[in-house]
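Asker: I'd like to ask some things about the structure below.
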Amino acid sequence: MSAAQSLDKALFWFRRDLRVADNAGLYHALKSAAGVYCVFVFDRDILNALPGKSDRRVEFIHGSVLELQKSLRATGGDLIVHHGRAREVIPNLATALRVAAVFSNEDYEPAAIERDRAVESSLKKTGIAFHAFKDQALFAKDEVLTQAGTPFTVFTPYKNACLKRLDAFCLQPYPTEKYFSRLARSGKKAPMPALAEIGFKATNLKALGIKPGVNGALEALDDFLERIDRYREARDFPAVRGVSYLSVHNRFGTVSIRRLARLALERRSAGADSWLNELIWRDFYFQILYHFPHVTDSAFKSKYDKLFFKNNRLLFSAWREACTGYPLIDAAMRQITQSGFMHNRLRMIVASFLTKDLLIDWRWGEKYFADHLNDFDLAANNGGWQWAASTGCDAQPYFRIFNPVSQSQRFDAQGKFIRRYLPELAKVPDKFIHAPWTMPPLEQQLAGCVIGRDYPAPIVDHDVARHEALALYKSV
DNA sequence: TTTTGAGTTGTTCGA
DNA sequence: GTCGAACAACTCAAA
């Protein structure tokens, strides 16, 4: 787009970028048009595909959109909110408002790319342009390539190439506030639909202390900045507040990724560097999904599509329902079910357990996470699962199999996290908390936790399962 | 074109 | 109890 204002009216379409400040697409819209309408669509195509009618993510989005609308109104603008199919709503609205162009931010998921192409071609028929900008990633598409001009498929060289290019200049915020006077109101009074009107019920989101919107993000960020220098040491312990808890805000764009990277770069501490690394992992998987969209349903390394998983449905139910008999696994699975969050260390441990101990297809686990994680992001979730299953780009070697007991001893030594989610193990001595089936019968009675009655016996023997997994992976 | 060094997060075994 | 090697080669990315 030219820097000079050239359009009369434009429409900005919010998607996973639910903020006004430092929003790339909104900035470009404001800069190019005399008046900018804003819209958000509760997209039936997306909502109908969700697993249920009580979904923390919908409530999070709803709260964030409500706040977004308030802040746009405070500047003299407004937010039009629709409930319908975005691929119909957007072209219809753009025509009705007589805008010259629709602006938005890029989304790299295959389904989103397809939707945007459809919207763009509908708009084209009435002579309306469609523009999308990079906003959710630090670098995207072909910005960071190897010297041979190919996409990176190994993290470390990708990270090094990113770090060479990352600086305060490329992370400068887009100053949307300079152009707030160009925000326009459509004149039509269409009230924001309530959660129930879009077909969803309230969840326990509030009780969990998860606050949506830019204000929720700022609060989480302030809290994390007090802890960021200890991130490297604290991040692996699920019982400790060691991680940022910003993933859900990154998912829905209630905070700017450029701002986060800027803060991390300027901090110059080991903790901040280590966290920046995680932000680059997020970019890395966006980039993998964009260049290799086959990963959504196949192994990145095609030979691993030949893995013959056992896919025992009873074992899968036990994993989902937190009845594996391995306390750390079960506590982690209760955490995701009850809160929609799971600590990153635990995501790796339960993924390793599902694929390498239960010999269940990583796609089953990926789908369960997709249905339950508040911060679910296709690229990161798929990348994480393929990493754990050793089927991905830059995957862990297949013989690296997590031992659910030793991981528990290392990262939850006193069983603090375990006891938080498994009250039935409250009185089990620390010595047995990681493998309660090794408790002598008398101890079981004393702890009020009889194995097989109060807590399940392990559904698989890790040592046996490990050898089976090694044999299976070796066969391909 | 060939060579070289390296690759998120681990576990087990045996000396 | 501690420590190093094996696990398995393979492929990526840069020189």
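A note on labels: chains of the structure tokens are A, B, ... as shown, every chain counts residues from 1, and ligands are counted from 1 in their shown order.
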Residues of chain A that have any atom at most 8 Å from an atom of chain B: could you tabulate them with the shortest-distance atom pair and the distance in Å to one decimal, using only C-alpha atoms (C1' of nucleotides), ordered by chain and increasing number, as JSON lines?
Answerer:
```
{"residue": "A:Val154", "atom": "CA", "partner": "B:DG7", "partner_atom": "C1'", "distance": 7.9}
{"residue": "A:Thr156", "atom": "CA", "partner": "B:DG7", "partner_atom": "C1'", "distance": 7.8}
{"residue": "A:Arg345", "atom": "CA", "partner": "B:DT9", "partner_atom": "C1'", "distance": 7.9}
{"residue": "A:Asp394", "atom": "CA", "partner": "B:DG7", "partner_atom": "C1'", "distance": 7.7}
{"residue": "A:Arg400", "atom": "CA", "partner": "B:DG10", "partner_atom": "C1'", "distance": 5.2}
{"residue": "A:Ile401", "atom": "CA", "partner": "B:DG10", "partner_atom": "C1'", "distance": 6.4}
{"residue": "A:Phe402", "atom": "CA", "partner": "B:DG10", "partner_atom": "C1'", "distance": 6.2}
{"residue": "A:Asn403", "atom": "CA", "partner": "B:DT11", "partner_atom": "C1'", "distance": 7.4}
```
Asker: What does the file look like for those residues with N, CA and C atoms, as a PDB file, in the first residue's frame?
Answerer:
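What ended up in again26.pdb:
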```pdb
ATOM      1  N   VAL A 154      15.119 -27.344  10.516  1.00  0.00           N
ATOM      2  CA  VAL A 154      15.766 -27.633  11.798  1.00  0.00           C
ATOM      3  C   VAL A 154      15.730 -26.356  12.628  1.00  0.00           C
ATOM      4  N   THR A 156      17.444 -25.020  15.360  1.00  0.00           N
ATOM      5  CA  THR A 156      18.583 -24.202  15.775  1.00  0.00           C
ATOM      6  C   THR A 156      19.098 -23.261  14.678  1.00  0.00           C
ATOM      7  N   ARG A 345       6.007 -28.784  30.058  1.00  0.00           N
ATOM      8  CA  ARG A 345       6.741 -30.010  30.395  1.00  0.00           C
ATOM      9  C   ARG A 345       5.782 -31.210  30.391  1.00  0.00           C
ATOM     10  N   ASP A 394      12.869 -32.087  12.672  1.00  0.00           N
ATOM     11  CA  ASP A 394      13.652 -31.815  13.872  1.00  0.00           C
ATOM     12  C   ASP A 394      13.038 -32.472  15.109  1.00  0.00           C
ATOM     13  N   ARG A 400      14.452 -41.834  22.319  1.00  0.00           N
ATOM     14  CA  ARG A 400      14.358 -40.987  23.515  1.00  0.00           C
ATOM     15  C   ARG A 400      12.944 -41.054  24.044  1.00  0.00           C
ATOM     16  N   ILE A 401      12.725 -41.909  24.994  1.00  0.00           N
ATOM     17  CA  ILE A 401      11.378 -42.150  25.511  1.00  0.00           C
ATOM     18  C   ILE A 401      11.331 -41.708  26.969  1.00  0.00           C
ATOM     19  N   PHE A 402      10.409 -40.811  27.266  1.00  0.00           N
ATOM     20  CA  PHE A 402      10.322 -40.302  28.642  1.00  0.00           C
ATOM     21  C   PHE A 402       9.871 -41.420  29.577  1.00  0.00           C
ATOM     22  N   ASN A 403      10.513 -41.482  30.732  1.00  0.00           N
ATOM     23  CA  ASN A 403      10.066 -42.406  31.765  1.00  0.00           C
ATOM     24  C   ASN A 403       9.124 -41.626  32.689  1.00  0.00           C
TER      25      ASN A 403
END
```
Asker: Would you pick out the contacts of DA9 (chain C) at 12 Å or less, using only C-alpha atoms (C1' of nucleotides), so that residues sharing its chain but fewer than 5 positions from it are not included, and give the list as a PyMOL selection string?
Answerer: chain A and resi 397-398+474
Asker: Would you list, as a PyMOL selection string, the residues of region 8-216 of chain A that end up in strand (DSSP E or B) under DSSP run on this structure's backbone?
Answerer: chain A and resi 8-14+33-43+54+80-84+101-105+129-133+145+151+183+201
Asker: For the selection you just gave me, I'd like the residues written to a file as a CSV table (one decimal), in the first residue's frame, keeping N, CA and C atoms.
Answerer:
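What landed in again.csv:
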```
chain,number,residue,atom,x,y,z
A,8,ASP,N,-11.3,5.9,0.0
A,8,ASP,CA,-12.3,6.7,0.8
A,8,ASP,C,-12.7,5.9,2.0
A,9,LYS,N,-13.3,4.7,1.9
A,9,LYS,CA,-13.6,3.9,3.0
A,9,LYS,C,-13.0,2.5,2.9
A,10,ALA,N,-12.7,1.9,4.1
A,10,ALA,CA,-12.2,0.6,4.1
A,10,ALA,C,-12.8,-0.2,5.3
A,11,LEU,N,-12.7,-1.5,5.3
A,11,LEU,CA,-13.3,-2.3,6.4
A,11,LEU,C,-12.1,-3.1,6.9
A,12,PHE,N,-11.9,-3.0,8.3
A,12,PHE,CA,-10.9,-3.9,8.9
A,12,PHE,C,-11.6,-5.1,9.6
A,13,TRP,N,-11.1,-6.3,9.3
A,13,TRP,CA,-11.7,-7.5,9.7
A,13,TRP,C,-10.8,-8.1,10.8
A,14,PHE,N,-11.2,-8.1,12.1
A,14,PHE,CA,-10.5,-8.7,13.2
A,14,PHE,C,-10.7,-10.2,13.2
A,33,ALA,N,-7.0,4.7,4.3
A,33,ALA,CA,-8.4,5.1,4.0
A,33,ALA,C,-8.8,6.3,4.9
A,34,ALA,N,-9.8,7.1,4.3
A,34,ALA,CA,-10.3,8.2,5.1
A,34,ALA,C,-11.2,7.8,6.2
A,35,GLY,N,-11.8,6.6,6.1
A,35,GLY,CA,-12.7,6.1,7.1
A,35,GLY,C,-12.6,4.6,7.2
A,36,VAL,N,-12.4,4.1,8.4
A,36,VAL,CA,-12.3,2.6,8.5
A,36,VAL,C,-13.3,2.0,9.5
A,37,TYR,N,-14.2,1.1,8.9
A,37,TYR,CA,-15.1,0.4,9.8
A,37,TYR,C,-14.4,-0.9,10.3
A,38,CYS,N,-14.8,-1.3,11.4
A,38,CYS,CA,-14.2,-2.5,11.9
A,38,CYS,C,-15.3,-3.6,12.2
A,39,VAL,N,-14.9,-4.9,11.9
A,39,VAL,CA,-15.9,-6.0,12.1
A,39,VAL,C,-15.2,-7.2,12.7
A,40,PHE,N,-16.0,-7.9,13.5
A,40,PHE,CA,-15.6,-9.2,14.0
A,40,PHE,C,-16.8,-10.2,13.6
A,41,VAL,N,-16.4,-11.4,13.2
A,41,VAL,CA,-17.5,-12.3,12.9
A,41,VAL,C,-17.3,-13.6,13.7
A,42,PHE,N,-18.4,-13.9,14.5
A,42,PHE,CA,-18.4,-15.2,15.1
A,42,PHE,C,-18.7,-16.2,14.0
A,43,ASP,N,-17.7,-16.9,13.5
A,43,ASP,CA,-17.8,-17.6,12.3
A,43,ASP,C,-18.5,-19.0,12.5
A,54,SER,N,-20.0,-25.7,25.2
A,54,SER,CA,-19.4,-25.0,26.4
A,54,SER,C,-18.0,-25.0,26.1
A,80,ILE,N,-18.5,-3.6,14.5
A,80,ILE,CA,-19.7,-4.4,14.1
A,80,ILE,C,-19.4,-5.8,14.4
A,81,VAL,N,-20.4,-6.5,15.0
A,81,VAL,CA,-20.2,-7.9,15.4
A,81,VAL,C,-21.3,-8.7,14.7
A,82,HIS,N,-20.9,-9.7,13.9
A,82,HIS,CA,-21.9,-10.6,13.3
A,82,HIS,C,-21.7,-12.0,13.7
A,83,HIS,N,-22.8,-12.7,13.6
A,83,HIS,CA,-22.8,-14.2,13.8
A,83,HIS,C,-23.2,-14.8,12.5
A,84,GLY,N,-22.3,-15.5,11.8
A,84,GLY,CA,-22.7,-16.0,10.5
A,84,GLY,C,-21.4,-16.6,9.9
A,101,ALA,N,-11.9,-1.4,0.1
A,101,ALA,CA,-11.0,-2.5,0.4
A,101,ALA,C,-11.3,-3.1,1.7
A,102,VAL,N,-11.0,-4.4,1.9
A,102,VAL,CA,-11.1,-5.0,3.2
A,102,VAL,C,-9.6,-5.3,3.6
A,103,PHE,N,-9.3,-5.0,4.9
A,103,PHE,CA,-8.0,-5.2,5.4
A,103,PHE,C,-8.1,-6.3,6.5
A,104,SER,N,-7.0,-7.0,6.7
A,104,SER,CA,-7.0,-8.0,7.8
A,104,SER,C,-5.5,-8.4,8.0
A,105,ASN,N,-5.3,-9.3,8.9
A,105,ASN,CA,-4.0,-9.9,9.2
A,105,ASN,C,-3.9,-11.3,8.7
A,129,ALA,N,-11.0,-4.7,-3.0
A,129,ALA,CA,-9.6,-5.3,-2.8
A,129,ALA,C,-9.6,-6.0,-1.4
A,130,PHE,N,-8.7,-6.9,-1.3
A,130,PHE,CA,-8.5,-7.6,0.0
A,130,PHE,C,-7.0,-7.6,0.3
A,131,HIS,N,-6.6,-7.1,1.5
A,131,HIS,CA,-5.2,-7.0,1.9
A,131,HIS,C,-5.0,-7.7,3.2
A,132,ALA,N,-3.9,-8.4,3.3
A,132,ALA,CA,-3.6,-9.1,4.6
A,132,ALA,C,-2.2,-8.8,4.9
A,133,PHE,N,-1.9,-8.6,6.2
A,133,PHE,CA,-0.5,-8.2,6.6
A,133,PHE,C,0.0,-9.2,7.7
A,145,LEU,N,14.9,-17.7,5.2
A,145,LEU,CA,15.2,-18.9,4.4
A,145,LEU,C,16.6,-19.3,4.6
A,151,PRO,N,13.0,-23.4,2.9
A,151,PRO,CA,12.6,-23.1,4.3
A,151,PRO,C,13.5,-24.0,5.2
A,183,LEU,N,-11.3,6.2,12.4
A,183,LEU,CA,-12.2,5.1,12.7
A,183,LEU,C,-13.6,5.6,12.5
A,201,LYS,N,-22.5,-21.8,26.1
A,201,LYS,CA,-22.8,-21.6,27.6
A,201,LYS,C,-21.5,-21.0,28.2
```
Asker: Rank nothing, just name the residue among A:Leu138, A:Ile418, A:Ala161, A:Ile128 nearest to chain C, using only C-alpha atoms (C1' of nucleotides).
Answerer: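 Nearest to chain C: A:Ala161.
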Asker: Restricting the calculation to only C-alpha atoms (C1' of nucleotides): of A:Phe376, A:Phe399, A:His28, A:Phe292, which residue gets closest to chain C?
Answerer: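 Answer, going by the shortest atom-to-atom distance: A:Phe399.
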Asker: What is the CA of Val255 (chain A) to CA of Pro110 (chain A) distance in Å?
Answerer: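 Separation between CA of Val255 (chain A) and CA of Pro110 (chain A): 23.5 Å.
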Asker: Give me, as a Markdown table, the closest atom pair and its distance (Å, one decimal) for every residue of chain C within a cut-off of 9 Å of chain A, counting only C-alpha atoms (C1' of nucleotides), rows sorted by chain and rising number.
Answerer:
```
| residue | atom | partner | partner_atom | distance |
| --- | --- | --- | --- | --- |
| C:DC7 | C1' | A:Phe399 | CA | 6.5 |
| C:DA8 | C1' | A:Pro397 | CA | 8.9 |
| C:DC12 | C1' | A:Val154 | CA | 6.9 |
| C:DA13 | C1' | A:Pro157 | CA | 7.3 |
| C:DA14 | C1' | A:Gln147 | CA | 8.1 |
```
Asker: Using only C-alpha atoms (C1' of nucleotides), determine which residues lie at most 12 Å from Leu260 (chain A), disregarding the query and same-chain residues fewer than 6 positions distant; provide the list as a ChimeraX atom specification.
Answerer: /A:22,136-138,168,171-173,217-218,220-222,224-225,228,244,246-247,249-250,253-254,266-267,272-273,275-280
Asker: Contacts of Glu366 (chain A) at 9 Å or less, counting only C-alpha atoms (C1' of nucleotides), minus same-chain residues fewer than 6 places along, as JSON, numbers by chain?
Answerer: {"A": [351, 381, 382, 384, 385, 386]}
Asker: For the selection you just gave me, I'd like the residues written to a file as a PDB file, in the first residue's frame, keeping C-alpha atoms.
Answerer:
```
ATOM      1  CA  ALA A 351       2.495 -37.018  24.537  1.00  0.00           C
ATOM      2  CA  ASN A 381       0.123 -28.256  18.601  1.00  0.00           C
ATOM      3  CA  ASN A 382       0.915 -30.279  15.502  1.00  0.00           C
ATOM      4  CA  GLY A 384       4.709 -30.422  19.404  1.00  0.00           C
ATOM      5  CA  TRP A 385       2.959 -33.736  18.851  1.00  0.00           C
ATOM      6  CA  GLN A 386       5.090 -34.658  15.871  1.00  0.00           C
TER       7      GLN A 386
END
```
Asker: Interatomic distance between CA of Asp305 (chain A) and CA of Val476 (chain A)?
Answerer: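 Pair CA of Asp305 (chain A) / CA of Val476 (chain A) returns 9.0 Å.
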Asker: Running DSSP on the backbone, which parts of region 156-325 of chain A land in helix (DSSP H, G or I), as a PyMOL selection string?
Answerer: chain A and resi 156-165+176-182+196-198+213-225+228-234+247-252+257-267+270-291+293-296+302-306+313-320
Asker: Name all residues at most 12 Å from Ala111 (chain A) (count only C-alpha atoms (C1' of nucleotides); drop same-chain ones fewer than 2 positions away) and give them as a PDB file with N, CA and C atoms, in the first residue's frame.
Answerer:
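Output file out_38.pdb follows:
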```pdb
ATOM      1  N   ASP A  45     -18.710 -21.444  10.572  1.00  0.00           N
ATOM      2  CA  ASP A  45     -17.872 -22.531  10.046  1.00  0.00           C
ATOM      3  C   ASP A  45     -16.890 -23.023  11.112  1.00  0.00           C
ATOM      4  N   ILE A  46     -16.438 -22.110  11.949  1.00  0.00           N
ATOM      5  CA  ILE A  46     -15.498 -22.490  13.013  1.00  0.00           C
ATOM      6  C   ILE A  46     -16.258 -22.994  14.235  1.00  0.00           C
ATOM      7  N   ARG A  87     -17.251 -16.120   5.256  1.00  0.00           N
ATOM      8  CA  ARG A  87     -17.053 -16.031   3.808  1.00  0.00           C
ATOM      9  C   ARG A  87     -18.261 -15.428   3.091  1.00  0.00           C
ATOM     10  N   ASP A 107      -3.302 -15.199   8.233  1.00  0.00           N
ATOM     11  CA  ASP A 107      -3.467 -16.403   9.053  1.00  0.00           C
ATOM     12  C   ASP A 107      -2.927 -17.544   8.204  1.00  0.00           C
ATOM     13  N   TYR A 108      -2.019 -18.352   8.778  1.00  0.00           N
ATOM     14  CA  TYR A 108      -1.271 -19.314   7.963  1.00  0.00           C
ATOM     15  C   TYR A 108      -1.804 -20.735   8.010  1.00  0.00           C
ATOM     16  N   GLU A 109      -2.952 -20.932   8.671  1.00  0.00           N
ATOM     17  CA  GLU A 109      -3.522 -22.278   8.714  1.00  0.00           C
ATOM     18  C   GLU A 109      -4.191 -22.573   7.374  1.00  0.00           C
ATOM     19  N   ILE A 113      -6.324 -19.990   5.070  1.00  0.00           N
ATOM     20  CA  ILE A 113      -5.835 -19.544   3.756  1.00  0.00           C
ATOM     21  C   ILE A 113      -6.925 -19.765   2.706  1.00  0.00           C
ATOM     22  N   GLU A 114      -7.570 -20.909   2.783  1.00  0.00           N
ATOM     23  CA  GLU A 114      -8.642 -21.240   1.831  1.00  0.00           C
ATOM     24  C   GLU A 114      -9.819 -20.264   1.995  1.00  0.00           C
ATOM     25  N   ARG A 115     -10.187 -20.000   3.253  1.00  0.00           N
ATOM     26  CA  ARG A 115     -11.285 -19.058   3.513  1.00  0.00           C
ATOM     27  C   ARG A 115     -10.958 -17.674   2.974  1.00  0.00           C
ATOM     28  N   ASP A 116      -9.729 -17.223   3.225  1.00  0.00           N
ATOM     29  CA  ASP A 116      -9.344 -15.885   2.773  1.00  0.00           C
ATOM     30  C   ASP A 116      -9.330 -15.790   1.251  1.00  0.00           C
ATOM     31  N   ARG A 117      -8.932 -16.882   0.599  1.00  0.00           N
ATOM     32  CA  ARG A 117      -8.962 -16.888  -0.879  1.00  0.00           C
ATOM     33  C   ARG A 117     -10.397 -16.755  -1.378  1.00  0.00           C
ATOM     34  N   ALA A 118     -11.310 -17.487  -0.697  1.00  0.00           N
ATOM     35  CA  ALA A 118     -12.715 -17.430  -1.098  1.00  0.00           C
ATOM     36  C   ALA A 118     -13.278 -16.030  -0.890  1.00  0.00           C
ATOM     37  N   LEU A 289       4.214 -25.166   9.090  1.00  0.00           N
ATOM     38  CA  LEU A 289       2.851 -25.421   8.617  1.00  0.00           C
ATOM     39  C   LEU A 289       2.592 -24.724   7.283  1.00  0.00           C
ATOM     40  N   TYR A 290       3.109 -23.518   7.152  1.00  0.00           N
ATOM     41  CA  TYR A 290       2.893 -22.766   5.916  1.00  0.00           C
ATOM     42  C   TYR A 290       3.565 -23.456   4.724  1.00  0.00           C
ATOM     43  N   PRO A 293       2.129 -27.978   4.434  1.00  0.00           N
ATOM     44  CA  PRO A 293       0.783 -28.161   5.018  1.00  0.00           C
ATOM     45  C   PRO A 293       0.361 -29.627   5.157  1.00  0.00           C
ATOM     46  N   THR A 296      -0.542 -31.497   8.644  1.00  0.00           N
ATOM     47  CA  THR A 296      -1.813 -31.513   9.377  1.00  0.00           C
ATOM     48  C   THR A 296      -2.379 -32.916   9.518  1.00  0.00           C
ATOM     49  N   LEU A 378      -3.023 -24.615  15.764  1.00  0.00           N
ATOM     50  CA  LEU A 378      -2.761 -25.776  14.901  1.00  0.00           C
ATOM     51  C   LEU A 378      -1.264 -26.001  14.696  1.00  0.00           C
TER      52      LEU A 378
END
```
Asker: Which of these residues is nearest to Leu446 (chain A), using only C-alpha atoms: A:Pro458, A:Val350, A:Leu425, A:Cys162?
Answerer: A:Leu425
Asker: Please report the interatomic distance between CA of Leu314 (chain A) and CA of Arg453 (chain A) in Å with one decimal.
Answerer: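 The value is 18.6 Å.
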